[in-house]
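Next comes model10.pdb, with PDB, C-alpha atoms and all ligand atoms.
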```
MODEL        1
ATOM      1  CA  MET A  11     110.270 -77.363-134.172
ATOM      2  CA  LYS A  12     110.925 -73.728-134.448
ATOM      3  CA  TRP A  13     114.089 -71.714-134.050
ATOM      4  CA  ARG A  14     113.660 -70.953-130.379
ATOM      5  CA  SER A  15     115.307 -72.165-127.221
ATOM      6  CA  GLU A  16     112.219 -73.921-125.896
ATOM      7  CA  ASP A  17     112.010 -76.063-129.012
ATOM      8  CA  MET A  18     115.742 -76.744-128.932
ATOM      9  CA  ASP A  19     115.299 -78.281-125.485
ATOM     10  CA  LEU A  20     112.784 -80.611-127.058
ATOM     11  CA  TYR A  21     115.218 -81.303-129.880
ATOM     12  CA  LEU A  22     118.063 -82.114-127.525
ATOM     13  CA  GLN A  23     115.848 -84.655-125.781
ATOM     14  CA  SER A  24     114.831 -86.296-129.020
ATOM     15  CA  THR A  25     117.687 -85.829-131.483
ATOM     16  CA  GLU A  26     117.227 -89.325-132.860
ATOM     17  CA  TYR A  27     113.762 -88.374-134.118
ATOM     18  CA  VAL A  28     114.693 -85.170-135.907
ATOM     19  CA  ASP A  29     116.520 -85.293-139.202
ATOM     20  CA  THR A  30     115.239 -82.514-141.451
ATOM     21  CA  ALA A  31     115.801 -78.781-141.749
ATOM     22  CA  ILE A  32     113.336 -76.510-143.536
ATOM     23  CA  VAL A  33     114.977 -73.340-144.821
ATOM     24  CA  PRO A  34     112.918 -70.662-146.606
ATOM     25  CA  LEU A  35     114.928 -68.664-149.137
ATOM     26  CA  ILE A  36     114.146 -64.964-149.284
ATOM     27  CA  PRO A  37     115.542 -62.615-151.931
ATOM     28  CA  ILE A  38     116.168 -59.050-150.807
ATOM     29  CA  ALA A  39     116.345 -55.888-152.897
ATOM     30  CA  TRP A  40     115.232 -52.324-152.479
ATOM     31  CA  GLY A  41     114.155 -50.066-155.265
ATOM     32  CA  ASN A  42     112.987 -51.429-158.556
ATOM     33  CA  GLN A  43     110.435 -54.219-158.465
ATOM     34  CA  LEU A  44     110.232 -54.018-154.709
ATOM     35  CA  LYS A  45     106.870 -55.647-154.393
ATOM     36  CA  HIS A  46     107.765 -58.371-156.788
ATOM     37  CA  THR A  47     110.819 -59.199-154.700
ATOM     38  CA  VAL A  48     108.857 -59.267-151.471
ATOM     39  CA  LEU A  49     106.295 -61.550-153.021
ATOM     40  CA  LYS A  50     108.948 -64.077-153.888
ATOM     41  CA  GLY A  51     109.824 -64.433-150.224
ATOM     42  CA  GLU A  52     106.425 -64.129-148.647
ATOM     43  CA  PHE A  53     104.803 -67.278-149.908
ATOM     44  CA  PRO A  54     107.731 -69.638-149.216
ATOM     45  CA  LEU A  55     107.831 -68.352-145.671
ATOM     46  CA  ILE A  56     104.136 -68.916-145.011
ATOM     47  CA  VAL A  57     104.234 -72.355-146.560
ATOM     48  CA  SER A  58     107.338 -73.308-144.579
ATOM     49  CA  GLU A  59     105.706 -72.230-141.344
ATOM     50  CA  GLU A  60     102.672 -74.331-142.064
ATOM     51  CA  LEU A  61     104.856 -77.273-143.011
ATOM     52  CA  GLU A  62     106.598 -77.001-139.675
ATOM     53  CA  ARG A  63     103.246 -77.104-137.931
ATOM     54  CA  GLN A  64     102.374 -80.356-139.644
ATOM     55  CA  LEU A  65     105.743 -82.016-139.185
ATOM     56  CA  LYS A  66     106.814 -80.409-135.958
ATOM     57  CA  GLY A  67     108.277 -83.569-134.437
ATOM     58  CA  ARG A  68     110.748 -84.336-137.178
ATOM     59  CA  VAL A  69     111.751 -81.022-138.730
ATOM     60  CA  VAL A  70     113.359 -77.805-137.597
ATOM     61  CA  LEU A  71     112.225 -74.617-139.286
ATOM     62  CA  PHE A  72     115.361 -72.551-139.713
ATOM     63  CA  PRO A  73     115.533 -68.778-139.833
ATOM     64  CA  THR A  74     115.090 -67.661-143.404
ATOM     65  CA  LEU A  75     118.173 -67.556-145.512
ATOM     66  CA  SER A  76     118.184 -64.283-147.373
ATOM     67  CA  TYR A  77     120.346 -62.960-150.137
ATOM     68  CA  LEU A  78     120.644 -59.766-152.118
ATOM     69  CA  THR A  79     119.315 -60.200-155.600
ATOM     70  CA  SER A  80     122.525 -58.542-156.772
ATOM     71  CA  GLU A  81     124.691 -61.245-155.195
ATOM     72  CA  SER A  82     126.191 -63.673-157.646
ATOM     73  CA  ASP A  83     124.776 -67.157-158.112
ATOM     74  CA  VAL A  84     128.060 -68.723-157.088
ATOM     75  CA  ASP A  85     128.158 -66.850-153.791
ATOM     76  CA  ILE A  86     124.622 -67.676-152.854
ATOM     77  CA  ILE A  87     124.876 -71.313-153.850
ATOM     78  CA  SER A  88     128.065 -71.757-151.887
ATOM     79  CA  ARG A  89     126.351 -70.330-148.832
ATOM     80  CA  LEU A  90     123.473 -72.759-149.195
ATOM     81  CA  LEU A  91     125.815 -75.683-149.637
ATOM     82  CA  ALA A  92     127.870 -74.608-146.626
ATOM     83  CA  LEU A  93     124.736 -74.745-144.501
ATOM     84  CA  LYS A  94     123.862 -78.139-145.898
ATOM     85  CA  ASP A  95     127.335 -79.441-144.988
ATOM     86  CA  GLU A  96     127.200 -77.961-141.534
ATOM     87  CA  LEU A  97     123.898 -79.696-140.890
ATOM     88  CA  SER A  98     124.758 -83.061-142.328
ATOM     89  CA  GLU A  99     127.940 -83.154-140.256
ATOM     90  CA  ASN A 100     125.815 -82.544-137.200
ATOM     91  CA  GLY A 101     123.019 -85.039-137.426
ATOM     92  CA  ILE A 102     120.600 -83.407-139.871
ATOM     93  CA  PRO A 103     120.917 -85.328-143.147
ATOM     94  CA  HIS A 104     117.935 -83.747-144.920
ATOM     95  CA  ILE A 105     117.652 -80.122-145.831
ATOM     96  CA  VAL A 106     114.770 -78.563-147.719
ATOM     97  CA  PHE A 107     115.189 -75.114-149.203
ATOM     98  CA  VAL A 108     111.800 -73.600-149.991
ATOM     99  CA  SER A 109     111.906 -70.926-152.670
ATOM    100  CA  SER A 110     109.732 -69.014-155.125
ATOM    101  CA  ASP A 111     112.670 -67.511-156.946
ATOM    102  CA  ALA A 112     112.847 -68.952-160.436
ATOM    103  CA  ARG A 113     116.561 -68.311-160.296
ATOM    104  CA  TRP A 114     117.087 -71.598-158.459
ATOM    105  CA  SER A 115     114.674 -73.764-160.354
ATOM    106  CA  ASP A 116     117.338 -75.158-162.588
ATOM    107  CA  VAL A 117     120.530 -75.360-160.586
ATOM    108  CA  ASP A 118     122.133 -78.769-160.530
ATOM    109  CA  GLU A 119     123.844 -78.408-157.167
ATOM    110  CA  LEU A 120     120.537 -77.621-155.501
ATOM    111  CA  ARG A 121     118.211 -79.925-157.340
ATOM    112  CA  ALA A 122     118.026 -82.577-154.638
ATOM    113  CA  ASP A 123     117.378 -80.162-151.810
ATOM    114  CA  LEU A 124     115.305 -77.340-153.208
ATOM    115  CA  ILE A 125     111.571 -77.161-153.644
ATOM    116  CA  ASN A 126     110.412 -74.493-156.007
ATOM    117  CA  ILE A 127     106.887 -73.231-155.505
ATOM    118  CA  PRO A 128     105.141 -70.632-157.641
ATOM    119  CA  PRO A 129     104.811 -67.266-155.858
ATOM    120  CA  VAL A 130     101.148 -66.636-155.107
ATOM    121  CA  PRO A 131      99.938 -63.141-154.252
ATOM    122  CA  LEU A 132      97.805 -63.724-151.164
ATOM    123  CA  GLU A 133      97.033 -60.141-150.280
ATOM    124  CA  HIS A 134      93.667 -59.718-151.964
ATOM    125  CA  MET A 135      92.402 -63.218-151.405
ATOM    126  CA  GLU A 136      89.430 -64.214-149.325
ATOM    127  CA  ASP A 137      90.469 -65.948-146.136
ATOM    128  CA  GLU A 138      89.005 -69.244-147.104
ATOM    129  CA  TYR A 139      90.522 -69.285-150.564
ATOM    130  CA  ARG A 140      93.851 -68.268-149.128
ATOM    131  CA  ARG A 141      93.725 -71.168-146.716
ATOM    132  CA  ASP A 142      93.015 -73.540-149.591
ATOM    133  CA  VAL A 143      95.890 -72.218-151.673
ATOM    134  CA  ILE A 144      98.323 -72.543-148.798
ATOM    135  CA  GLY A 145      96.916 -75.940-147.881
ATOM    136  CA  GLU A 146      97.385 -77.256-151.401
ATOM    137  CA  GLN A 147     100.979 -76.123-151.531
ATOM    138  CA  VAL A 148     101.722 -77.558-148.103
ATOM    139  CA  LYS A 149     100.285 -80.885-149.177
ATOM    140  CA  HIS A 150     102.592 -80.878-152.163
ATOM    141  CA  LEU A 151     105.597 -80.222-149.945
ATOM    142  CA  LEU A 152     104.489 -82.847-147.459
ATOM    143  CA  GLN A 153     104.569 -85.434-150.193
ATOM    144  CA  ILE A 154     108.063 -84.475-151.238
ATOM    145  CA  VAL A 155     109.385 -84.465-147.709
ATOM    146  CA  THR A 156     107.779 -87.746-146.671
ATOM    147  CA  LYS A 157     109.166 -89.304-149.811
ATOM    148  CA  LYS A 158     112.645 -88.236-148.747
ATOM    149  CA  TRP A 159     111.952 -89.991-145.476
ATOM    150  CA  GLN A 160     110.792 -93.249-146.931
ATOM    151  CA  ASN A 161     114.265 -94.660-147.031
ATOM    152  CA  THR A 162     115.262 -93.475-143.603
ATOM    153  CA  LYS A 163     113.767 -95.187-140.625
ATOM    154  CA  LEU A 164     114.099 -93.120-137.532
ATOM    155  CA  GLY A 165     113.998 -94.034-133.879
ATOM    156  CA  GLU A 166     113.153 -97.651-134.551
TER     157      GLU A 166
ATOM    158  CA  MET B  21     107.790 -14.928 -99.357
ATOM    159  CA  ALA B  22     109.857 -17.260 -97.246
ATOM    160  CA  LYS B  23     106.762 -18.555 -95.572
ATOM    161  CA  LYS B  24     105.044 -19.237 -98.813
ATOM    162  CA  ASP B  25     108.128 -21.034 -99.926
ATOM    163  CA  ASP B  26     108.040 -23.107 -96.760
ATOM    164  CA  VAL B  27     104.500 -24.176 -97.300
ATOM    165  CA  SER B  28     105.036 -25.165-100.813
ATOM    166  CA  ARG B  29     108.043 -27.167 -99.776
ATOM    167  CA  ARG B  30     106.011 -28.934 -97.166
ATOM    168  CA  GLN B  31     103.307 -29.494 -99.685
ATOM    169  CA  PHE B  32     105.828 -30.795-102.062
ATOM    170  CA  LEU B  33     107.062 -33.238 -99.480
ATOM    171  CA  ASN B  34     103.555 -34.202 -98.690
ATOM    172  CA  TYR B  35     102.695 -34.868-102.231
ATOM    173  CA  THR B  36     105.839 -36.787-102.810
ATOM    174  CA  LEU B  37     105.383 -38.953 -99.784
ATOM    175  CA  THR B  38     101.786 -39.602-100.631
ATOM    176  CA  GLY B  39     102.880 -40.394-104.098
ATOM    177  CA  VAL B  40     105.609 -42.777-103.013
ATOM    178  CA  GLY B  41     103.394 -44.255-100.334
ATOM    179  CA  GLY B  42     100.676 -44.671-102.877
ATOM    180  CA  PHE B  43     102.986 -46.464-105.185
ATOM    181  CA  MET B  44     104.167 -48.746-102.437
ATOM    182  CA  ALA B  45     100.641 -49.451-101.346
ATOM    183  CA  ALA B  46      99.613 -50.144-104.885
ATOM    184  CA  GLY B  47     102.631 -52.386-105.311
ATOM    185  CA  MET B  48     101.543 -54.412-102.342
ATOM    186  CA  LEU B  49      97.857 -54.336-103.006
ATOM    187  CA  LEU B  50      97.755 -55.081-106.702
ATOM    188  CA  PRO B  51      99.105 -58.594-106.491
ATOM    189  CA  MET B  52      96.696 -59.248-103.646
ATOM    190  CA  VAL B  53      93.781 -57.930-105.627
ATOM    191  CA  ARG B  54      94.877 -59.866-108.649
ATOM    192  CA  PHE B  55      95.221 -62.947-106.502
ATOM    193  CA  ALA B  56      91.691 -62.498-105.280
ATOM    194  CA  ILE B  57      90.106 -62.035-108.691
ATOM    195  CA  ASP B  58      92.473 -64.278-110.597
ATOM    196  CA  PRO B  59      89.989 -67.134-110.982
ATOM    197  CA  ILE B  60      87.641 -64.695-112.687
ATOM    198  CA  MET B  61      90.319 -63.463-115.055
ATOM    199  CA  LYS B  62      91.310 -66.998-115.828
ATOM    200  CA  GLU B  63      87.734 -67.848-116.579
ATOM    201  CA  GLY B  64      87.700 -65.041-119.113
ATOM    202  CA  ALA B  65      90.914 -66.211-120.677
ATOM    203  CA  LYS B  66      89.635 -69.722-121.163
ATOM    204  CA  GLN B  67      89.082 -70.641-124.731
ATOM    205  CA  ASP B  68      85.607 -70.065-126.066
ATOM    206  CA  MET B  69      83.609 -72.640-127.935
ATOM    207  CA  VAL B  70      83.900 -72.067-131.662
ATOM    208  CA  PRO B  71      81.386 -73.219-134.286
ATOM    209  CA  VAL B  72      83.094 -75.745-136.539
ATOM    210  CA  VAL B  73      80.636 -77.606-138.735
ATOM    211  CA  GLU B  74      76.977 -78.502-139.212
ATOM    212  CA  VAL B  75      76.194 -81.668-137.352
ATOM    213  CA  SER B  76      74.520 -83.065-140.458
ATOM    214  CA  LYS B  77      77.875 -83.106-142.240
ATOM    215  CA  VAL B  78      79.500 -85.359-139.668
ATOM    216  CA  THR B  79      79.874 -88.910-140.938
ATOM    217  CA  GLU B  80      80.986 -92.194-139.482
ATOM    218  CA  LYS B  81      84.247 -91.797-141.289
ATOM    219  CA  PRO B  82      86.522 -89.250-139.603
ATOM    220  CA  GLN B  83      86.721 -85.974-141.517
ATOM    221  CA  ARG B  84      89.117 -83.166-140.956
ATOM    222  CA  PHE B  85      87.609 -79.770-140.177
ATOM    223  CA  THR B  86      89.445 -76.574-139.431
ATOM    224  CA  PHE B  87      88.502 -73.610-137.294
ATOM    225  CA  GLU B  88      90.169 -70.484-136.020
ATOM    226  CA  ILE B  89      90.977 -69.521-132.475
ATOM    227  CA  GLU B  90      92.819 -66.624-130.857
ATOM    228  CA  GLN B  91      96.112 -67.781-129.451
ATOM    229  CA  LYS B  92      98.547 -66.025-127.190
ATOM    230  CA  ASP B  93     102.144 -66.866-127.881
ATOM    231  CA  GLY B  94     104.087 -65.010-125.216
ATOM    232  CA  TRP B  95     103.043 -61.398-125.709
ATOM    233  CA  TYR B  96     101.873 -61.951-129.227
ATOM    234  CA  GLU B  97      98.253 -62.673-129.969
ATOM    235  CA  SER B  98      97.289 -64.159-133.239
ATOM    236  CA  LYS B  99      94.669 -66.188-134.991
ATOM    237  CA  VAL B 100      95.602 -69.788-135.447
ATOM    238  CA  THR B 101      93.940 -72.386-137.523
ATOM    239  CA  GLN B 102      93.222 -75.558-135.642
ATOM    240  CA  ALA B 103      92.053 -78.836-136.990
ATOM    241  CA  ALA B 104      89.914 -81.630-135.612
ATOM    242  CA  TRP B 105      89.115 -85.136-136.765
ATOM    243  CA  VAL B 106      85.368 -85.460-136.350
ATOM    244  CA  TYR B 107      83.115 -88.501-136.697
ATOM    245  CA  LYS B 108      80.038 -90.222-135.317
ATOM    246  CA  ASP B 109      80.711 -93.315-133.265
ATOM    247  CA  LYS B 110      78.573 -96.461-133.204
ATOM    248  CA  ASN B 111      76.090 -94.900-130.786
ATOM    249  CA  GLY B 112      75.726 -91.857-132.997
ATOM    250  CA  ASP B 113      77.719 -89.674-130.609
ATOM    251  CA  ILE B 114      80.049 -87.130-132.108
ATOM    252  CA  VAL B 115      83.751 -87.512-131.368
ATOM    253  CA  ALA B 116      86.252 -84.732-132.108
ATOM    254  CA  LEU B 117      89.916 -85.614-131.799
ATOM    255  CA  SER B 118      92.945 -83.372-131.900
ATOM    256  CA  PRO B 119      95.245 -84.217-134.822
ATOM    257  CA  ILE B 120      98.368 -83.447-132.813
ATOM    258  CA  CYS B 121     100.471 -86.573-132.365
ATOM    259  CA  LYS B 122     101.256 -87.259-128.725
ATOM    260  CA  HIS B 123     104.782 -88.297-129.567
ATOM    261  CA  LEU B 124     106.436 -85.111-130.799
ATOM    262  CA  GLY B 125     103.552 -83.103-132.152
ATOM    263  CA  CYS B 126     103.237 -83.821-135.872
ATOM    264  CA  THR B 127      99.802 -83.824-137.479
ATOM    265  CA  VAL B 128      98.155 -87.205-137.870
ATOM    266  CA  ASP B 129      96.076 -88.247-140.838
ATOM    267  CA  TRP B 130      93.203 -90.730-141.064
ATOM    268  CA  ALA B 131      93.912 -93.902-143.041
ATOM    269  CA  ALA B 132      97.105 -92.495-144.498
ATOM    270  CA  SER B 133      98.965 -95.753-144.189
ATOM    271  CA  PRO B 134      97.732 -98.309-146.739
ATOM    272  CA  ALA B 135      98.566-101.125-144.341
ATOM    273  CA  HIS B 136      96.323 -99.658-141.644
ATOM    274  CA  PRO B 137      93.224 -98.238-143.282
ATOM    275  CA  ASN B 138      91.252 -97.865-140.047
ATOM    276  CA  GLN B 139      93.740 -95.947-137.990
ATOM    277  CA  PHE B 140      95.207 -92.504-137.613
ATOM    278  CA  TYR B 141      98.739 -92.386-138.897
ATOM    279  CA  CYS B 142     101.548 -89.984-138.071
ATOM    280  CA  PRO B 143     103.867 -89.313-141.029
ATOM    281  CA  CYS B 144     106.830 -88.429-138.830
ATOM    282  CA  HIS B 145     107.719 -91.638-137.037
ATOM    283  CA  GLY B 146     104.884 -93.943-137.952
ATOM    284  CA  GLY B 147     102.837 -93.418-134.808
ATOM    285  CA  ARG B 148      99.366 -94.984-135.039
ATOM    286  CA  TYR B 149      96.064 -94.632-133.196
ATOM    287  CA  GLU B 150      92.735 -96.436-133.219
ATOM    288  CA  LYS B 151      89.685 -94.582-134.458
ATOM    289  CA  ASP B 152      88.819 -93.574-130.900
ATOM    290  CA  GLY B 153      92.301 -92.096-130.469
ATOM    291  CA  THR B 154      93.865 -94.919-128.482
ATOM    292  CA  ASN B 155      97.572 -95.127-129.217
ATOM    293  CA  ILE B 156      98.781 -98.409-130.661
ATOM    294  CA  LYS B 157     101.392-100.242-128.646
ATOM    295  CA  GLY B 158     104.728-100.597-130.348
ATOM    296  CA  THR B 159     104.465 -97.239-132.114
ATOM    297  CA  PRO B 160     106.157 -94.140-130.624
ATOM    298  CA  PRO B 161     103.173 -92.308-129.046
ATOM    299  CA  LEU B 162     102.605 -93.130-125.396
ATOM    300  CA  ALA B 163      99.190 -91.542-124.938
ATOM    301  CA  PRO B 164      95.882 -91.354-126.807
ATOM    302  CA  LEU B 165      94.997 -88.335-128.941
ATOM    303  CA  ASP B 166      93.425 -85.436-127.074
ATOM    304  CA  VAL B 167      89.677 -84.895-127.389
ATOM    305  CA  TYR B 168      88.044 -81.540-127.933
ATOM    306  CA  LYS B 169      85.412 -80.310-125.533
ATOM    307  CA  LYS B 170      82.271 -80.159-127.583
ATOM    308  CA  GLU B 171      78.765 -78.827-127.613
ATOM    309  CA  VAL B 172      75.929 -79.050-130.100
ATOM    310  CA  LYS B 173      73.751 -75.977-130.518
ATOM    311  CA  ASP B 174      71.201 -75.273-133.260
ATOM    312  CA  GLY B 175      72.471 -78.112-135.382
ATOM    313  CA  LYS B 176      76.047 -76.900-135.201
ATOM    314  CA  LEU B 177      79.043 -78.509-133.581
ATOM    315  CA  TYR B 178      81.056 -76.215-131.336
ATOM    316  CA  LEU B 179      84.534 -77.149-130.188
ATOM    317  CA  GLY B 180      86.575 -75.806-127.310
ATOM    318  CA  GLN B 181      89.807 -76.886-125.734
ATOM    319  CA  ALA B 182      91.518 -80.149-126.515
ATOM    320  CA  VAL B 183      92.036 -82.166-123.351
ATOM    321  CA  PRO B 184      93.928 -85.418-122.701
ATOM    322  CA  GLN B 185      91.759 -88.547-122.657
TER     323      GLN B 185
HETATM  324  S1  LIG A 201     105.535 -87.278-133.885
HETATM  325 FE1  LIG A 201     104.016 -88.728-134.366
HETATM  326  S2  LIG A 201     105.118 -90.565-134.239
HETATM  327 FE2  LIG A 201     106.609 -89.116-133.723
ENDMDL
END
```
Target encoding structure tokens, full file:
Amino acid sequence: MKWRSEDMDLYLQSTEYVDTAIVPLIPIAWGNQLKHTVLKGEFPLIVSEELERQLKGRVVLFPTLSYLTSESDVDIISRLLALKDELSENGIPHIVFVSSDARWSDVDELRADLINIPPVPLEHMEDEYRRDVIGEQVKHLLQIVTKKWQNTKLGE
Amino acid sequence: MAKKDDVSRRQFLNYTLTGVGGFMAAGMLLPMVRFAIDPIMKEGAKQDMVPVVEVSKVTEKPQRFTFEIEQKDGWYESKVTQAAWVYKDKNGDIVALSPICKHLGCTVDWAASPAHPNQFYCPCHGGRYEKDGTNIKGTPPLAPLDVYKKEVKDGKLYLGQAVPQ
């Protein structure tokens, strides 16, 4: 489900079937290394959108969570954890942060909830190749997410 | 001078009234016209058949093929990738099923559940379907998978809209 009122109606009718939030993490900076920064957000977003398409009935794709690259680790992490708490108190036990920012690849507090994917520059790729690259990454994420689900039986 | 002024004022009024009248007339007429030709416009908006795969590549085992269609999402038009599960049934007829689970819309996979190797399986809530798309009782989906409209031309399979079985 996407972040729009129509989909929320569907959610409200089927809350017992939905237990996972997908949250793409997007770093923001202007100036130096602009393109590099954009790249780190672009791929996670595309992959998250595709993941939502495949798992529409059980996940909600959240608006991207963005942060200034100059913000401190502590601040950003506490924001992520605050969102996680908010969700788990309100019926969404699983949260999946999708990121291509190496900054989070080794943070203990996030380890269980963050999937780190390598940033892939898609801009000069042939359509077909691009689809393959995205498809591969989505498959990888699918495995991780369905594994999370294995221990939770929903709506049964 | 005054006379000239008069005329131009009258003209002005004339123009304005024609203008306003024209607008009103158009406002009334347009919906009527649209109503009359709507079926034609709808026909044009209907999804075209898109070439998906060579018929010779279709096997008895369902395979997943993707193709692109133009989709209108509100005011936003974009290309979307769609997928179909395609196979030849016992009579050699081609069947193309939509992978969208009829429960809440996840994407189903063929033989993804080890316990049910000859069924479509939905990873979200364990929905299952027979090869022909029939939903299996006791799993969440309440309807069979949609089937794509299909056409074979010059050895190629073309798919159109997915419609409920
Ligand atoms: S969306 Fe397929 S079983 Fe629920």
Write out as number ranges by chain which residues come within 7 Å of stretch 150-154 of chain B when counting all atoms listed in the file, dropping same-chain ones fewer than 5 positions away. B: 138-140, 164-165
Could the residues in this selection be written to a file with C-alpha atoms, as a PDB file, in the coordinates of the input?
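Contents of the output file selection.pdb:
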```
ATOM      1  CA  ASN B 138      91.252 -97.865-140.047  1.00  0.00           C
ATOM      2  CA  GLN B 139      93.740 -95.947-137.990  1.00  0.00           C
ATOM      3  CA  PHE B 140      95.207 -92.504-137.613  1.00  0.00           C
ATOM      4  CA  PRO B 164      95.882 -91.354-126.807  1.00  0.00           C
ATOM      5  CA  LEU B 165      94.997 -88.335-128.941  1.00  0.00           C
TER       6      LEU B 165
END
```
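Going from atom CA of A:Pro54 to atom CA of A:Asn100 covers 25.3 Å.
With all atoms listed in the file taken into account, the protein and nucleic acid residues at most 12 Å from A:Arg14 (excluding it and anything under 3 positions from it in its own chain) are Met11, Asp17, Met18, Asp19, Leu20, Tyr21, Val70, Leu71, Phe72 and Pro73 of chain A.
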Can you pull out every residue with an atom within 10 Å of ligand LIG 201 (chain A)? Use all atoms listed in the file and format it as number ranges by chain. A: 24, 27-28, 64-68, 164-165; B: 119-128, 141-149, 159-162
Expressed in Å, the length from atom CA of A:His46 to atom CA of A:Glu81 is 17.2 Å
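When the PyMOL selection byres (((chain A and resi 105) around 8) and not hetatm) is evaluated on the file shown here, the picked residues come out as Thr30, Ala31, Ile32, Val33, Lys94, Leu97, Ile102, Pro103, His104, Val106, Phe107 and Asp123 of chain A.
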Output file for the selection above: C-alpha atoms, as a short mmCIF file (atom, residue, chain, number, x, y, z; two decimals), in the frame of the given file:
```cif
data_model
loop_
_atom_site.label_atom_id
_atom_site.label_comp_id
_atom_site.auth_asym_id
_atom_site.auth_seq_id
_atom_site.Cartn_x
_atom_site.Cartn_y
_atom_site.Cartn_z
CA THR A 30 115.24 -82.51 -141.45
CA ALA A 31 115.80 -78.78 -141.75
CA ILE A 32 113.34 -76.51 -143.54
CA VAL A 33 114.98 -73.34 -144.82
CA LYS A 94 123.86 -78.14 -145.90
CA LEU A 97 123.90 -79.70 -140.89
CA ILE A 102 120.60 -83.41 -139.87
CA PRO A 103 120.92 -85.33 -143.15
CA HIS A 104 117.94 -83.75 -144.92
CA VAL A 106 114.77 -78.56 -147.72
CA PHE A 107 115.19 -75.11 -149.20
CA ASP A 123 117.38 -80.16 -151.81
#
```
Suppose a student applies the PyMOL selection byres (((chain B and resi 166-180) around 10) and not hetatm) to this structure; what residues should they get, written as a PyMOL selection string? chain B and resi 66-78+87+89+104-106+114-122+152-154+163-165+181-185
Of B:Gln31, B:Gln83, B:Gln91, B:Thr101, the one nearest to chain A when counting only C-alpha atoms is B:Thr101
Resolved residues for the PyMOL selection byres (((chain B and resi 108-113) around 6) and not hetatm) as an NGL selection string: :B and (79-80 or 107 or 114)
Box for stretch 61-67 of chain A: with edges along x, y and z, all listed atoms inside and 4 Å added on each side, what are the centre and edge lengths in Å to one decimal, as lines of an AutoDock Vina configuration file?
```
center_x = 105.3
center_y = -80.3
center_z = -138.7
size_x = 13.9
size_y = 14.6
size_z = 16.6
```
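For the choices B:Pro134, B:Gly158, B:Ser28, B:Trp95, the atom-to-atom distance to chain A is smallest for B:Gly158 when using all atoms listed in the file.
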With all atoms listed in the file as the atoms that count, which of A:Leu78, A:Ile127, A:Ala112, A:Val69 lies nearest to chain B? A:Val69
Neighbourhood query: residues within 12 Å of (113.7, -69.9, -146.7), file coordinates, counting all atoms listed in the file; return as number ranges by chain. A: 31-38, 50-59, 71-77, 90, 105-111, 124-127
Given the selection you just returned, output its residues as a file containing C-alpha atoms, formatted as a tab-separated table (two decimals), keeping the file's coordinate frame.
```tsv
chain	number	residue	atom	x	y	z
A	31	ALA	CA	115.80	-78.78	-141.75
A	32	ILE	CA	113.34	-76.51	-143.54
A	33	VAL	CA	114.98	-73.34	-144.82
A	34	PRO	CA	112.92	-70.66	-146.61
A	35	LEU	CA	114.93	-68.66	-149.14
A	36	ILE	CA	114.15	-64.96	-149.28
A	37	PRO	CA	115.54	-62.62	-151.93
A	38	ILE	CA	116.17	-59.05	-150.81
A	50	LYS	CA	108.95	-64.08	-153.89
A	51	GLY	CA	109.82	-64.43	-150.22
A	52	GLU	CA	106.42	-64.13	-148.65
A	53	PHE	CA	104.80	-67.28	-149.91
A	54	PRO	CA	107.73	-69.64	-149.22
A	55	LEU	CA	107.83	-68.35	-145.67
A	56	ILE	CA	104.14	-68.92	-145.01
A	57	VAL	CA	104.23	-72.36	-146.56
A	58	SER	CA	107.34	-73.31	-144.58
A	59	GLU	CA	105.71	-72.23	-141.34
A	71	LEU	CA	112.22	-74.62	-139.29
A	72	PHE	CA	115.36	-72.55	-139.71
A	73	PRO	CA	115.53	-68.78	-139.83
A	74	THR	CA	115.09	-67.66	-143.40
A	75	LEU	CA	118.17	-67.56	-145.51
A	76	SER	CA	118.18	-64.28	-147.37
A	77	TYR	CA	120.35	-62.96	-150.14
A	90	LEU	CA	123.47	-72.76	-149.20
A	105	ILE	CA	117.65	-80.12	-145.83
A	106	VAL	CA	114.77	-78.56	-147.72
A	107	PHE	CA	115.19	-75.11	-149.20
A	108	VAL	CA	111.80	-73.60	-149.99
A	109	SER	CA	111.91	-70.93	-152.67
A	110	SER	CA	109.73	-69.01	-155.12
A	111	ASP	CA	112.67	-67.51	-156.95
A	124	LEU	CA	115.30	-77.34	-153.21
A	125	ILE	CA	111.57	-77.16	-153.64
A	126	ASN	CA	110.41	-74.49	-156.01
A	127	ILE	CA	106.89	-73.23	-155.50
```
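Rounded to one decimal, atom CA of B:Ser133 and atom CA of B:Ile156 lie 13.8 Å from each other.
Minimum distance to chain B across A:Trp40, A:Trp114, A:Trp159, A:Tyr139 (counting only C-alpha atoms) occurs at A:Trp159.
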Distance criterion (only C-alpha atoms): nearest to chain B out of A:Ser15, A:Asn161, A:Gln147, A:Thr156: A:Thr156
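Take the candidates B:Thr86, B:His136, B:Ala131, B:Ser98 and check each one against chain A using all atoms listed in the file; the shortest distance goes to B:Thr86.
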Can you pull out the residues contacting A:Val148? Cut-off 8 Å, using all atoms listed in the file, and skip same-chain residues under 3 positions away; I want them as a PDB file with C-alpha atoms, keeping the file's coordinate frame.
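Okay, result16.pdb is ready:
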```pdb
ATOM      1  CA  VAL A  57     104.234 -72.355-146.560  1.00  0.00           C
ATOM      2  CA  SER A  58     107.338 -73.308-144.579  1.00  0.00           C
ATOM      3  CA  GLU A  60     102.672 -74.331-142.064  1.00  0.00           C
ATOM      4  CA  LEU A  61     104.856 -77.273-143.011  1.00  0.00           C
ATOM      5  CA  ILE A 144      98.323 -72.543-148.798  1.00  0.00           C
ATOM      6  CA  GLY A 145      96.916 -75.940-147.881  1.00  0.00           C
ATOM      7  CA  LEU A 151     105.597 -80.222-149.945  1.00  0.00           C
ATOM      8  CA  LEU A 152     104.489 -82.847-147.459  1.00  0.00           C
TER       9      LEU A 152
END
```
